[in-house]
file upload_15.pdb (PDB, C-alpha atoms and all ligand atoms)
ATOM      1  CA  MET A   1       9.669 -13.111   3.776
ATOM      2  CA  ALA A   2       7.802 -10.384   5.561
ATOM      3  CA  ARG A   3       4.068 -10.681   5.901
ATOM      4  CA  GLU A   4       2.297  -7.581   7.037
ATOM      5  CA  ARG A   5      -0.766  -8.376   9.033
ATOM      6  CA  ARG A   6      -1.418  -4.820  10.145
ATOM      7  CA  GLY A   7      -1.142  -1.431   8.467
ATOM      8  CA  ALA A   8       2.188   0.355   8.342
ATOM      9  CA  SER A   9       3.092   2.915  11.031
ATOM     10  CA  PRO A  10       3.249   6.645  10.113
ATOM     11  CA  LEU A  11       7.050   6.465  10.125
ATOM     12  CA  GLU A  12       7.110   3.377   7.873
ATOM     13  CA  LEU A  13       4.702   5.147   5.495
ATOM     14  CA  ALA A  14       6.858   8.284   5.395
ATOM     15  CA  VAL A  15       9.926   6.182   4.492
ATOM     16  CA  PHE A  16       7.937   4.234   1.883
ATOM     17  CA  ARG A  17       6.730   7.511   0.316
ATOM     18  CA  GLU A  18      10.258   8.949   0.243
ATOM     19  CA  ASP A  19      11.619   5.788  -1.405
ATOM     20  CA  VAL A  20       8.846   5.810  -4.026
ATOM     21  CA  VAL A  21       9.260   9.518  -4.847
ATOM     22  CA  ALA A  22      13.053   9.152  -5.071
ATOM     23  CA  GLY A  23      12.803   6.047  -7.283
ATOM     24  CA  LEU A  24      10.254   7.557  -9.681
ATOM     25  CA  SER A  25      12.313  10.773  -9.955
ATOM     26  CA  ARG A  26      15.337   8.996 -11.455
ATOM     27  CA  PRO A  27      16.024   8.978 -15.228
ATOM     28  CA  GLN A  28      15.580   5.179 -15.100
ATOM     29  CA  LYS A  29      12.560   4.993 -12.805
ATOM     30  CA  SER A  30      12.864   2.308 -10.150
ATOM     31  CA  LEU A  31      11.155   0.978  -7.019
ATOM     32  CA  PRO A  32      12.794  -1.072  -4.228
ATOM     33  CA  PRO A  33      11.778  -4.761  -4.341
ATOM     34  CA  LYS A  34      11.375  -4.950  -0.563
ATOM     35  CA  TYR A  35       7.996  -3.222  -0.994
ATOM     36  CA  PHE A  36       6.554  -6.179  -2.930
ATOM     37  CA  TYR A  37       5.639  -7.879   0.322
ATOM     38  CA  ASP A  38       2.422  -6.359   1.630
ATOM     39  CA  ALA A  39      -0.254  -8.921   2.603
ATOM     40  CA  ALA A  40      -1.368  -9.456  -1.030
ATOM     41  CA  GLY A  41       2.232  -9.508  -2.293
ATOM     42  CA  SER A  42       3.277 -12.075   0.312
ATOM     43  CA  ARG A  43       0.375 -14.317  -0.735
ATOM     44  CA  LEU A  44       1.383 -13.937  -4.408
ATOM     45  CA  PHE A  45       4.999 -14.755  -3.519
ATOM     46  CA  GLU A  46       3.857 -17.947  -1.775
ATOM     47  CA  ARG A  47       2.028 -18.878  -4.993
ATOM     48  CA  ILE A  48       5.204 -18.139  -6.993
ATOM     49  CA  CYS A  49       7.091 -20.574  -4.766
ATOM     50  CA  ARG A  50       4.670 -23.346  -5.793
ATOM     51  CA  LEU A  51       4.792 -22.629  -9.560
ATOM     52  CA  ALA A  52       6.155 -25.379 -11.818
ATOM     53  CA  GLU A  53       8.493 -22.844 -13.484
ATOM     54  CA  TYR A  54       9.868 -21.387 -10.210
ATOM     55  CA  TYR A  55      12.435 -24.042  -9.234
ATOM     56  CA  VAL A  56      14.182 -21.784  -6.647
ATOM     57  CA  THR A  57      12.251 -22.666  -3.477
ATOM     58  CA  ARG A  58      12.081 -26.409  -4.159
ATOM     59  CA  ALA A  59      15.776 -26.633  -5.093
ATOM     60  CA  GLU A  60      16.861 -24.862  -1.892
ATOM     61  CA  LEU A  61      14.628 -27.035   0.266
ATOM     62  CA  ALA A  62      15.918 -30.190  -1.461
ATOM     63  CA  LEU A  63      19.568 -29.278  -0.912
ATOM     64  CA  THR A  64      18.919 -28.333   2.707
ATOM     65  CA  ARG A  65      17.307 -31.756   3.340
ATOM     66  CA  GLN A  66      20.021 -33.582   1.403
ATOM     67  CA  HIS A  67      22.983 -31.916   3.160
ATOM     68  CA  LEU A  68      21.430 -31.124   6.549
ATOM     69  CA  ALA A  69      23.954 -33.130   8.585
ATOM     70  CA  ALA A  70      26.952 -31.488   6.871
ATOM     71  CA  ILE A  71      25.383 -28.032   7.162
ATOM     72  CA  ALA A  72      24.788 -28.596  10.886
ATOM     73  CA  ARG A  73      28.384 -29.783  11.358
ATOM     74  CA  PHE A  74      29.630 -26.650   9.598
ATOM     75  CA  ALA A  75      27.514 -24.284  11.729
ATOM     76  CA  GLY A  76      28.149 -26.130  14.960
ATOM     77  CA  ARG A  77      25.551 -27.115  17.533
ATOM     78  CA  GLY A  78      24.614 -24.633  20.227
ATOM     79  CA  CYS A  79      25.527 -21.574  18.187
ATOM     80  CA  GLN A  80      23.684 -18.287  18.078
ATOM     81  CA  LEU A  81      21.686 -18.516  14.844
ATOM     82  CA  ILE A  82      20.831 -15.180  13.218
ATOM     83  CA  GLU A  83      18.416 -15.438  10.297
ATOM     84  CA  TYR A  84      17.408 -12.725   7.834
ATOM     85  CA  GLY A  85      13.761 -13.731   7.506
ATOM     86  CA  SER A  86      11.014 -14.359  10.021
ATOM     87  CA  GLY A  87      11.803 -18.045  10.472
ATOM     88  CA  GLU A  88       8.350 -19.278   9.475
ATOM     89  CA  GLY A  89       9.690 -21.446   6.670
ATOM     90  CA  VAL A  90      10.327 -25.188   6.530
ATOM     91  CA  LYS A  91      14.072 -24.610   5.950
ATOM     92  CA  SER A  92      14.460 -22.590   9.146
ATOM     93  CA  ARG A  93      12.760 -25.299  11.161
ATOM     94  CA  LEU A  94      14.929 -28.032   9.615
ATOM     95  CA  LEU A  95      17.993 -26.025  10.562
ATOM     96  CA  ILE A  96      16.797 -25.280  14.100
ATOM     97  CA  ARG A  97      16.050 -28.957  14.694
ATOM     98  CA  ALA A  98      19.484 -30.012  13.405
ATOM     99  CA  LEU A  99      21.541 -27.220  15.043
ATOM    100  CA  ARG A 100      19.797 -26.848  18.383
ATOM    101  CA  PRO A 101      20.987 -23.215  18.593
ATOM    102  CA  ALA A 102      21.447 -21.611  22.024
ATOM    103  CA  VAL A 103      19.605 -18.562  20.701
ATOM    104  CA  TYR A 104      17.684 -17.990  17.490
ATOM    105  CA  VAL A 105      17.520 -14.378  16.232
ATOM    106  CA  PRO A 106      15.036 -13.904  13.353
ATOM    107  CA  ILE A 107      15.348 -10.499  11.655
ATOM    108  CA  ASP A 108      12.429  -9.204   9.594
ATOM    109  CA  ILE A 109      11.011  -5.820   8.567
ATOM    110  CA  SER A 110       7.550  -6.881   9.719
ATOM    111  CA  GLN A 111       7.008  -6.847  13.515
ATOM    112  CA  ASP A 112       3.816  -8.816  13.020
ATOM    113  CA  ALA A 113       5.524 -11.554  11.021
ATOM    114  CA  LEU A 114       8.169 -11.779  13.759
ATOM    115  CA  ARG A 115       5.592 -12.050  16.533
ATOM    116  CA  ALA A 116       3.632 -14.748  14.706
ATOM    117  CA  ALA A 117       6.779 -16.739  13.880
ATOM    118  CA  ALA A 118       8.080 -16.502  17.464
ATOM    119  CA  ARG A 119       4.769 -17.873  18.761
ATOM    120  CA  GLY A 120       4.842 -20.761  16.268
ATOM    121  CA  LEU A 121       8.472 -21.611  17.046
ATOM    122  CA  ALA A 122       7.842 -21.539  20.809
ATOM    123  CA  ARG A 123       5.090 -24.122  20.311
ATOM    124  CA  GLU A 124       7.206 -26.375  18.094
ATOM    125  CA  PHE A 125      10.510 -25.964  19.980
ATOM    126  CA  PRO A 126       9.768 -25.336  23.693
ATOM    127  CA  TRP A 127      13.517 -25.479  24.477
ATOM    128  CA  LEU A 128      14.401 -22.707  22.003
ATOM    129  CA  ARG A 129      15.264 -19.148  23.048
ATOM    130  CA  VAL A 130      13.893 -16.799  20.375
ATOM    131  CA  ALA A 131      15.120 -13.178  20.323
ATOM    132  CA  PRO A 132      13.391 -11.474  17.346
ATOM    133  CA  LEU A 133      14.795  -8.277  15.868
ATOM    134  CA  ALA A 134      12.966  -5.814  13.589
ATOM    135  CA  GLY A 135      15.092  -4.588  10.689
ATOM    136  CA  ASP A 136      16.306  -5.412   7.202
ATOM    137  CA  PHE A 137      19.592  -6.274   5.579
ATOM    138  CA  SER A 138      20.012  -2.914   3.833
ATOM    139  CA  ARG A 139      21.230  -1.271   7.032
ATOM    140  CA  PRO A 140      23.952  -2.338   9.476
ATOM    141  CA  LEU A 141      22.405  -4.112  12.413
ATOM    142  CA  ASP A 142      23.041  -3.841  16.077
ATOM    143  CA  ILE A 143      22.724  -7.496  17.004
ATOM    144  CA  PRO A 144      23.084  -8.264  20.710
ATOM    145  CA  VAL A 145      25.718 -10.970  20.194
ATOM    146  CA  ARG A 146      26.316 -13.094  23.273
ATOM    147  CA  ARG A 147      30.009 -13.278  24.038
ATOM    148  CA  GLY A 148      31.410 -16.775  24.083
ATOM    149  CA  THR A 149      28.652 -18.159  21.846
ATOM    150  CA  PRO A 150      29.731 -18.397  18.183
ATOM    151  CA  SER A 151      27.306 -16.657  15.810
ATOM    152  CA  VAL A 152      26.136 -17.935  12.446
ATOM    153  CA  VAL A 153      24.256 -15.672  10.030
ATOM    154  CA  TYR A 154      21.714 -17.540   7.857
ATOM    155  CA  PHE A 155      20.619 -15.645   4.731
ATOM    156  CA  PRO A 156      18.494 -18.053   2.669
ATOM    157  CA  GLY A 157      16.216 -17.726  -0.356
ATOM    158  CA  SER A 158      18.671 -15.968  -2.685
ATOM    159  CA  THR A 159      17.514 -12.685  -1.208
ATOM    160  CA  ILE A 160      21.161 -11.629  -1.665
ATOM    161  CA  GLY A 161      20.370 -11.682  -5.406
ATOM    162  CA  ASN A 162      18.309  -8.503  -4.941
ATOM    163  CA  LEU A 163      21.566  -6.672  -4.175
ATOM    164  CA  THR A 164      24.006  -5.569  -6.854
ATOM    165  CA  THR A 165      27.416  -7.250  -6.646
ATOM    166  CA  ASP A 166      28.826  -4.138  -4.924
ATOM    167  CA  GLU A 167      25.981  -4.081  -2.388
ATOM    168  CA  ALA A 168      26.371  -7.828  -1.788
ATOM    169  CA  HIS A 169      30.072  -7.232  -1.112
ATOM    170  CA  GLY A 170      29.174  -4.529   1.413
ATOM    171  CA  PHE A 171      26.602  -6.763   3.083
ATOM    172  CA  LEU A 172      29.030  -9.696   3.382
ATOM    173  CA  SER A 173      31.801  -7.455   4.810
ATOM    174  CA  MET A 174      29.359  -6.007   7.335
ATOM    175  CA  SER A 175      28.150  -9.471   8.370
ATOM    176  CA  ARG A 176      31.737 -10.667   8.812
ATOM    177  CA  GLY A 177      31.968  -8.227  11.711
ATOM    178  CA  VAL A 178      28.925  -9.838  13.374
ATOM    179  CA  ALA A 179      29.423 -13.544  12.761
ATOM    180  CA  ALA A 180      32.418 -15.743  12.068
ATOM    181  CA  LYS A 181      30.293 -18.027   9.905
ATOM    182  CA  MET A 182      27.607 -17.443   7.306
ATOM    183  CA  LEU A 183      25.187 -19.670   5.424
ATOM    184  CA  VAL A 184      24.069 -17.918   2.235
ATOM    185  CA  GLY A 185      21.517 -19.276  -0.248
ATOM    186  CA  VAL A 186      22.329 -18.255  -3.824
ATOM    187  CA  ASP A 187      20.579 -18.929  -7.117
ATOM    188  CA  LEU A 188      23.063 -20.247  -9.691
ATOM    189  CA  LYS A 189      23.676 -19.286 -13.305
ATOM    190  CA  LYS A 190      21.956 -21.678 -15.685
ATOM    191  CA  ASP A 191      20.262 -21.900 -19.088
ATOM    192  CA  PRO A 192      18.723 -18.424 -19.630
ATOM    193  CA  ALA A 193      15.562 -20.121 -20.952
ATOM    194  CA  VAL A 194      15.058 -21.777 -17.549
ATOM    195  CA  LEU A 195      15.632 -18.440 -15.789
ATOM    196  CA  HIS A 196      13.307 -16.651 -18.188
ATOM    197  CA  ALA A 197      10.483 -19.130 -17.594
ATOM    198  CA  ALA A 198      10.851 -18.825 -13.795
ATOM    199  CA  TYR A 199      10.031 -15.101 -13.969
ATOM    200  CA  ASN A 200       7.485 -15.342 -16.805
ATOM    201  CA  ASP A 201       5.151 -18.082 -15.576
ATOM    202  CA  LYS A 202       2.225 -19.091 -17.778
ATOM    203  CA  ALA A 203      -0.375 -18.435 -15.076
ATOM    204  CA  GLY A 204       0.762 -14.816 -14.731
ATOM    205  CA  VAL A 205       1.393 -14.961 -10.985
ATOM    206  CA  THR A 206       4.763 -13.189 -11.268
ATOM    207  CA  ALA A 207       3.102 -10.502 -13.412
ATOM    208  CA  ALA A 208       0.434 -10.013 -10.727
ATOM    209  CA  PHE A 209       3.169  -9.881  -8.038
ATOM    210  CA  ASN A 210       5.023  -7.177  -9.983
ATOM    211  CA  LEU A 211       1.880  -5.112 -10.722
ATOM    212  CA  ASN A 212       0.685  -5.387  -7.104
ATOM    213  CA  LEU A 213       3.420  -2.907  -6.193
ATOM    214  CA  LEU A 214       1.441  -0.194  -8.013
ATOM    215  CA  THR A 215      -1.773  -1.186  -6.232
ATOM    216  CA  ARG A 216       0.035  -0.989  -2.887
ATOM    217  CA  ILE A 217       1.375   2.495  -3.708
ATOM    218  CA  ASN A 218      -2.156   3.619  -4.608
ATOM    219  CA  ARG A 219      -3.667   2.216  -1.408
ATOM    220  CA  GLU A 220      -1.006   3.246   1.092
ATOM    221  CA  LEU A 221       0.243   6.489  -0.465
ATOM    222  CA  GLY A 222      -2.850   7.658  -2.368
ATOM    223  CA  ALA A 223      -1.258   7.598  -5.837
ATOM    224  CA  ASP A 224      -3.379   7.107  -8.964
ATOM    225  CA  PHE A 225      -1.481   4.429 -10.885
ATOM    226  CA  ASP A 226      -3.650   2.594 -13.422
ATOM    227  CA  PRO A 227      -2.140  -0.930 -13.369
ATOM    228  CA  GLY A 228      -3.923  -1.567 -16.676
ATOM    229  CA  ARG A 229      -1.571   0.914 -18.312
ATOM    230  CA  PHE A 230       1.489  -1.171 -17.339
ATOM    231  CA  ARG A 231       2.736  -4.609 -18.309
ATOM    232  CA  HIS A 232       5.061  -7.025 -16.511
ATOM    233  CA  TYR A 233       8.410  -7.421 -18.288
ATOM    234  CA  ALA A 234      11.145  -9.749 -17.001
ATOM    235  CA  PHE A 235      14.257 -10.842 -18.871
ATOM    236  CA  TYR A 236      17.692 -12.300 -18.247
ATOM    237  CA  ASN A 237      20.493  -9.784 -18.754
ATOM    238  CA  PRO A 238      23.481 -12.052 -19.495
ATOM    239  CA  ALA A 239      26.133  -9.307 -19.304
ATOM    240  CA  ALA A 240      25.009  -8.369 -15.783
ATOM    241  CA  GLY A 241      24.176 -11.989 -14.829
ATOM    242  CA  ARG A 242      20.754 -11.105 -13.530
ATOM    243  CA  ILE A 243      17.028 -11.272 -14.107
ATOM    244  CA  GLU A 244      15.596  -7.773 -14.318
ATOM    245  CA  MET A 245      11.942  -7.117 -13.638
ATOM    246  CA  HIS A 246      10.319  -3.997 -15.000
ATOM    247  CA  LEU A 247       6.847  -2.529 -15.427
ATOM    248  CA  ILE A 248       6.433  -1.079 -18.936
ATOM    249  CA  ALA A 249       4.140   1.894 -19.517
ATOM    250  CA  LEU A 250       1.936   0.893 -22.446
ATOM    251  CA  GLU A 251       1.117   4.489 -23.416
ATOM    252  CA  LYS A 252       2.177   8.045 -22.690
ATOM    253  CA  HIS A 253       0.546   9.233 -19.460
ATOM    254  CA  SER A 254       1.271  10.657 -16.021
ATOM    255  CA  VAL A 255       0.700   9.524 -12.453
ATOM    256  CA  ARG A 256       0.032  11.710  -9.400
ATOM    257  CA  LEU A 257       1.332  11.145  -5.900
ATOM    258  CA  GLY A 258       0.375  14.081  -3.673
ATOM    259  CA  ARG A 259       1.954  17.172  -5.184
ATOM    260  CA  HIS A 260       4.205  15.079  -7.417
ATOM    261  CA  ARG A 261       3.467  14.194 -11.007
ATOM    262  CA  PHE A 262       5.455  11.486 -12.769
ATOM    263  CA  ARG A 263       5.407  11.449 -16.562
ATOM    264  CA  PHE A 264       5.694   8.214 -18.521
ATOM    265  CA  ALA A 265       6.545   7.949 -22.198
ATOM    266  CA  ALA A 266       5.090   5.007 -24.114
ATOM    267  CA  GLY A 267       7.484   2.089 -23.559
ATOM    268  CA  GLU A 268       9.238   3.659 -20.590
ATOM    269  CA  THR A 269       9.865   1.276 -17.684
ATOM    270  CA  ILE A 270      10.007   1.207 -13.902
ATOM    271  CA  HIS A 271      12.791  -1.151 -12.849
ATOM    272  CA  THR A 272      11.327  -3.085  -9.897
ATOM    273  CA  GLU A 273      13.813  -5.892  -9.168
ATOM    274  CA  ASN A 274      17.216  -7.365  -9.878
ATOM    275  CA  SER A 275      17.711 -11.044  -9.157
ATOM    276  CA  CYS A 276      21.441 -11.714  -9.540
ATOM    277  CA  LYS A 277      22.674 -15.195 -10.426
ATOM    278  CA  TYR A 278      26.185 -16.397  -9.619
ATOM    279  CA  SER A 279      28.406 -19.282 -10.652
ATOM    280  CA  PRO A 280      29.942 -21.068  -7.624
ATOM    281  CA  ALA A 281      33.337 -19.576  -8.587
ATOM    282  CA  GLU A 282      31.941 -16.039  -8.845
ATOM    283  CA  PHE A 283      30.263 -16.209  -5.457
ATOM    284  CA  GLY A 284      33.381 -17.751  -3.901
ATOM    285  CA  ALA A 285      35.459 -14.857  -5.267
ATOM    286  CA  LEU A 286      32.957 -12.319  -3.917
ATOM    287  CA  ALA A 287      33.089 -13.924  -0.458
ATOM    288  CA  ALA A 288      36.896 -13.959  -0.546
ATOM    289  CA  LYS A 289      36.937 -10.256  -1.468
ATOM    290  CA  ALA A 290      34.656  -9.612   1.518
ATOM    291  CA  GLY A 291      37.251 -11.274   3.768
ATOM    292  CA  PHE A 292      35.918 -14.824   4.116
ATOM    293  CA  ARG A 293      38.528 -17.580   3.935
ATOM    294  CA  GLY A 294      36.797 -20.903   3.572
ATOM    295  CA  THR A 295      33.900 -21.521   1.249
ATOM    296  CA  LYS A 296      31.855 -24.692   1.384
ATOM    297  CA  THR A 297      29.287 -25.232  -1.350
ATOM    298  CA  TRP A 298      26.236 -27.466  -1.176
ATOM    299  CA  THR A 299      23.957 -27.780  -4.199
ATOM    300  CA  ASP A 300      20.819 -29.707  -5.150
ATOM    301  CA  ARG A 301      21.222 -32.693  -7.474
ATOM    302  CA  ARG A 302      20.326 -30.643 -10.544
ATOM    303  CA  GLY A 303      22.828 -27.890  -9.714
ATOM    304  CA  LEU A 304      20.183 -25.167  -9.759
ATOM    305  CA  PHE A 305      20.780 -23.557  -6.366
ATOM    306  CA  ALA A 306      23.630 -23.410  -3.836
ATOM    307  CA  LEU A 307      24.071 -22.897  -0.123
ATOM    308  CA  PHE A 308      27.482 -21.409   0.690
ATOM    309  CA  GLY A 309      29.113 -21.928   4.078
ATOM    310  CA  LEU A 310      31.500 -19.007   4.634
ATOM    311  CA  THR A 311      34.121 -18.788   7.368
ATOM    312  CA  ALA A 312      35.654 -15.438   8.372
TER
HETATM  313  C1  LIG A 401      12.736 -13.564  -3.007
HETATM  314  C2  LIG A 401      14.283 -12.181  -4.158
HETATM  315  C3  LIG A 401      14.633 -14.529  -4.072
HETATM  316  O1  LIG A 401      14.506 -13.017  -6.939
HETATM  317  O2  LIG A 401      13.617 -14.949  -7.274
HETATM  318  C4  LIG A 401      10.371 -14.147  -7.401
HETATM  319  C5  LIG A 401      11.725 -12.745  -5.687
HETATM  320  N1  LIG A 401      10.693 -12.080  -7.865
HETATM  321  N2  LIG A 401       9.803 -13.882  -8.586
HETATM  322  C6  LIG A 401      13.697 -13.904  -6.641
HETATM  323  C7  LIG A 401      10.949 -12.990  -6.946
HETATM  324  C8  LIG A 401       9.977 -12.624  -8.859
HETATM  325  C9  LIG A 401      12.792 -13.740  -5.419
HETATM  326  N3  LIG A 401      13.605 -13.471  -4.174
END

call {"tool": "encode", "arguments": {"input": "upload_15.pdb", "output": "structure tokens"}}
result
Amino acid sequence: MARERRGASPLELAVFREDVVAGLSRPQKSLPPKYFYDAAGSRLFERICRLAEYYVTRAELALTRQHLAAIARFAGRGCQLIEYGSGEGVKSRLLIRALRPAVYVPIDISQDALRAAARGLAREFPWLRVAPLAGDFSRPLDIPVRRGTPSVVYFPGSTIGNLTTDEAHGFLSMSRGVAAKMLVGVDLKKDPAVLHAAYNDKAGVTAAFNLNLLTRINRELGADFDPGRFRHYAFYNPAAGRIEMHLIALEKHSVRLGRHRFRFAAGETIHTENSCKYSPAEFGALAAKAGFRGTKTWTDRRGLFALFGLTA
């Protein structure tokens, strides 16, 4: 996940402002989840990953350890490994050690996170060629693929769950043009009570993570949100197969951002995140629709999380 160690550039701020104004102007107000990850948000997310209720990170790490040899066989040694994420995580390093890629291409929205990760990886893997790329998965990428070296796209962490099923389909189709193989980490459907607890932790870290988005908008864009007038609200929507996170306005009021004024009714929400959950069959069908033939599935022992190996 992106960690911003420096302030945003004027261009990044202009895009952020446009996204916020557009989202808050919709009938169902919304904000893009990629903006959760400023420095404070990234620290809160790291705390989420260690929460007893948030099984996601531990389950993915466990399955990666458990099936590392098979995953490496699937990807093939000496490939060009393209990861959406800065590559700072334990999982990335496990994979790099097992795959010995010819080139490793981490893709992250934060230049600073990329620079820091590249330095760390160079120290740990002196033999590794790192070719970082600034960007995010919402736009098609121009990846300098080396001809003759098979490419594998690694998209861990269930970040794909932030996309709607239609968007996920678009992303998978687009990636199929870049790499013949993909490794995609996906959170699986399970008891809604388990899902609910993972996004409503007792210590309130997820609530703080959600509310921090308002604090970031105040600091970087000069808005006057009062986070005390909003409450974290996360629930599993079974029909849509996803956790939805919202911020509920506790009373009628309005918020200023420059010349804009956004009115909130009591009980109105800002939709801040979708976290889609799939059954193995559903994700397999989605991959097939996006033009992938083979689907390998690796899961942790408790069946909480899956890594899918897709072949174009
Ligand atoms: C990083 C998108 C996978 O959806 O579980 C954690 C983000 N949001 N708790 C997720 C998140 C609230 C996380 N992803």

call {"tool": "residues_near_ligand", "arguments": {"input": "upload_15.pdb", "ligand": "ligand LIG 401 (chain A)", "cutoff": "9 Å", "atoms": "all atoms listed in the file", "output": "PyMOL selection string"}}
result
chain A and resi 1+33-34+36+45+48-49+54+56-57+156-162+186-187+198-200+205-207+209-210+234+243+245+273-276

call {"tool": "resolve_selection", "arguments": {"input": "upload_15.pdb", "expression": "the PyMOL selection byres (((chain A and resi 154) around 9) and not hetatm)", "output": "compact mmCIF listing (two decimals) with C-alpha atoms, in the frame of the given file"}}
result
# COMPACT_ATOMS: atom_id res chain seq x y z
CA LEU A 81 21.69 -18.52 14.84
CA ILE A 82 20.83 -15.18 13.22
CA GLU A 83 18.42 -15.44 10.30
CA TYR A 84 17.41 -12.72 7.83
CA GLY A 85 13.76 -13.73 7.51
CA SER A 92 14.46 -22.59 9.15
CA VAL A 152 26.14 -17.93 12.45
CA VAL A 153 24.26 -15.67 10.03
CA PHE A 155 20.62 -15.64 4.73
CA PRO A 156 18.49 -18.05 2.67
CA LYS A 181 30.29 -18.03 9.90
CA MET A 182 27.61 -17.44 7.31
CA LEU A 183 25.19 -19.67 5.42
CA VAL A 184 24.07 -17.92 2.24
CA GLY A 185 21.52 -19.28 -0.25

call {"tool": "resolve_selection", "arguments": {"input": "upload_15.pdb", "expression": "the PyMOL selection byres (((chain A and resi 136) around 8) and not hetatm)", "output": "list in words"}}
result
Tyr84, Ile107, Asp108, Ile109, Ala134, Gly135, Phe137, Ser138 and Arg139 of chain A

call {"tool": "atom_distance", "arguments": {"input": "upload_15.pdb", "atom1": "atom CA of Thr295 of chain A", "atom2": "atom CA of Ala131 of chain A"}}
result
28.0 Å

call {"tool": "closest_residue", "arguments": {"input": "upload_15.pdb", "among": "A:Ala290, A:Gly309, A:Gly222, A:Leu214", "to": "Ala40 of chain A", "atoms": "all atoms listed in the file"}}
result
A:Leu214

call {"tool": "closest_residue", "arguments": {"input": "upload_15.pdb", "among": "A:Arg97, A:Asn212, A:Asp142, A:Phe171", "to": "Arg43 of chain A", "atoms": "only C-alpha atoms"}}
result
A:Asn212

call {"tool": "axis_aligned_box", "arguments": {"input": "upload_15.pdb", "around": "segment 207-211 of chain A", "padding_each_side": "4 Å", "output": "lines of an AutoDock Vina configuration file"}}
result
center_x = 2.7
center_y = -7.8
center_z = -10.7
size_x = 12.6
size_y = 13.4
size_z = 13.4

call {"tool": "residues_around", "arguments": {"input": "upload_15.pdb", "residues": "His246 of chain A", "least_positions_apart": "2", "cutoff": "9 Å", "atoms": "all atoms listed in the file", "output": "VMD selection string"}}
result
chain A and resid 30 210 231 to 235 244 248 269 to 273

call {"tool": "residues_around", "arguments": {"input": "upload_15.pdb", "residues": "Arg256 of chain A", "least_positions_apart": "5", "cutoff": "6 Å", "atoms": "all atoms listed in the file", "output": "PyMOL selection string"}}
result
chain A and resi 223-224+261

call {"tool": "closest_residue", "arguments": {"input": "upload_15.pdb", "among": "A:Arg146, A:Glu18, A:Leu24, A:Ser175", "to": "Phe264 of chain A", "atoms": "all atoms listed in the file"}}
result
A:Leu24

call {"tool": "build_atoms", "arguments": {"input": "upload_15.pdb", "residues": "segment 160-170 of chain A", "atoms": "N, CA, C and O atoms", "output": "PDB file, in the coordinates of the input"}}
result
ATOM      1  N   ILE A 160      19.932 -12.371  -1.351  1.00  0.00           N
ATOM      2  CA  ILE A 160      21.161 -11.629  -1.665  1.00  0.00           C
ATOM      3  C   ILE A 160      21.196 -11.242  -3.146  1.00  0.00           C
ATOM      4  O   ILE A 160      21.852 -10.269  -3.520  1.00  0.00           O
ATOM      5  N   GLY A 161      20.441 -11.988  -3.977  1.00  0.00           N
ATOM      6  CA  GLY A 161      20.370 -11.682  -5.406  1.00  0.00           C
ATOM      7  C   GLY A 161      19.704 -10.347  -5.709  1.00  0.00           C
ATOM      8  O   GLY A 161      19.882  -9.785  -6.777  1.00  0.00           O
ATOM      9  N   ASN A 162      18.930  -9.820  -4.754  1.00  0.00           N
ATOM     10  CA  ASN A 162      18.309  -8.503  -4.941  1.00  0.00           C
ATOM     11  C   ASN A 162      19.348  -7.381  -4.884  1.00  0.00           C
ATOM     12  O   ASN A 162      19.094  -6.274  -5.341  1.00  0.00           O
ATOM     13  N   LEU A 163      20.506  -7.682  -4.276  1.00  0.00           N
ATOM     14  CA  LEU A 163      21.566  -6.672  -4.175  1.00  0.00           C
ATOM     15  C   LEU A 163      22.444  -6.719  -5.416  1.00  0.00           C
ATOM     16  O   LEU A 163      22.632  -7.777  -6.007  1.00  0.00           O
ATOM     17  N   THR A 164      22.994  -5.568  -5.808  1.00  0.00           N
ATOM     18  CA  THR A 164      24.006  -5.569  -6.854  1.00  0.00           C
ATOM     19  C   THR A 164      25.255  -6.244  -6.274  1.00  0.00           C
ATOM     20  O   THR A 164      25.348  -6.425  -5.058  1.00  0.00           O
ATOM     21  N   THR A 165      26.210  -6.589  -7.128  1.00  0.00           N
ATOM     22  CA  THR A 165      27.416  -7.250  -6.646  1.00  0.00           C
ATOM     23  C   THR A 165      28.147  -6.373  -5.622  1.00  0.00           C
ATOM     24  O   THR A 165      28.643  -6.873  -4.607  1.00  0.00           O
ATOM     25  N   ASP A 166      28.185  -5.067  -5.870  1.00  0.00           N
ATOM     26  CA  ASP A 166      28.826  -4.138  -4.924  1.00  0.00           C
ATOM     27  C   ASP A 166      28.108  -4.127  -3.581  1.00  0.00           C
ATOM     28  O   ASP A 166      28.735  -4.143  -2.518  1.00  0.00           O
ATOM     29  N   GLU A 167      26.764  -4.068  -3.630  1.00  0.00           N
ATOM     30  CA  GLU A 167      25.981  -4.081  -2.388  1.00  0.00           C
ATOM     31  C   GLU A 167      26.146  -5.403  -1.648  1.00  0.00           C
ATOM     32  O   GLU A 167      26.223  -5.426  -0.413  1.00  0.00           O
ATOM     33  N   ALA A 168      26.192  -6.514  -2.400  1.00  0.00           N
ATOM     34  CA  ALA A 168      26.371  -7.828  -1.788  1.00  0.00           C
ATOM     35  C   ALA A 168      27.731  -7.884  -1.083  1.00  0.00           C
ATOM     36  O   ALA A 168      27.851  -8.414   0.022  1.00  0.00           O
ATOM     37  N   HIS A 169      28.746  -7.301  -1.719  1.00  0.00           N
ATOM     38  CA  HIS A 169      30.072  -7.232  -1.112  1.00  0.00           C
ATOM     39  C   HIS A 169      30.008  -6.469   0.213  1.00  0.00           C
ATOM     40  O   HIS A 169      30.549  -6.912   1.228  1.00  0.00           O
ATOM     41  N   GLY A 170      29.326  -5.330   0.205  1.00  0.00           N
ATOM     42  CA  GLY A 170      29.174  -4.529   1.413  1.00  0.00           C
ATOM     43  C   GLY A 170      28.438  -5.290   2.506  1.00  0.00           C
ATOM     44  O   GLY A 170      28.842  -5.256   3.677  1.00  0.00           O
TER      45      GLY A 170
END
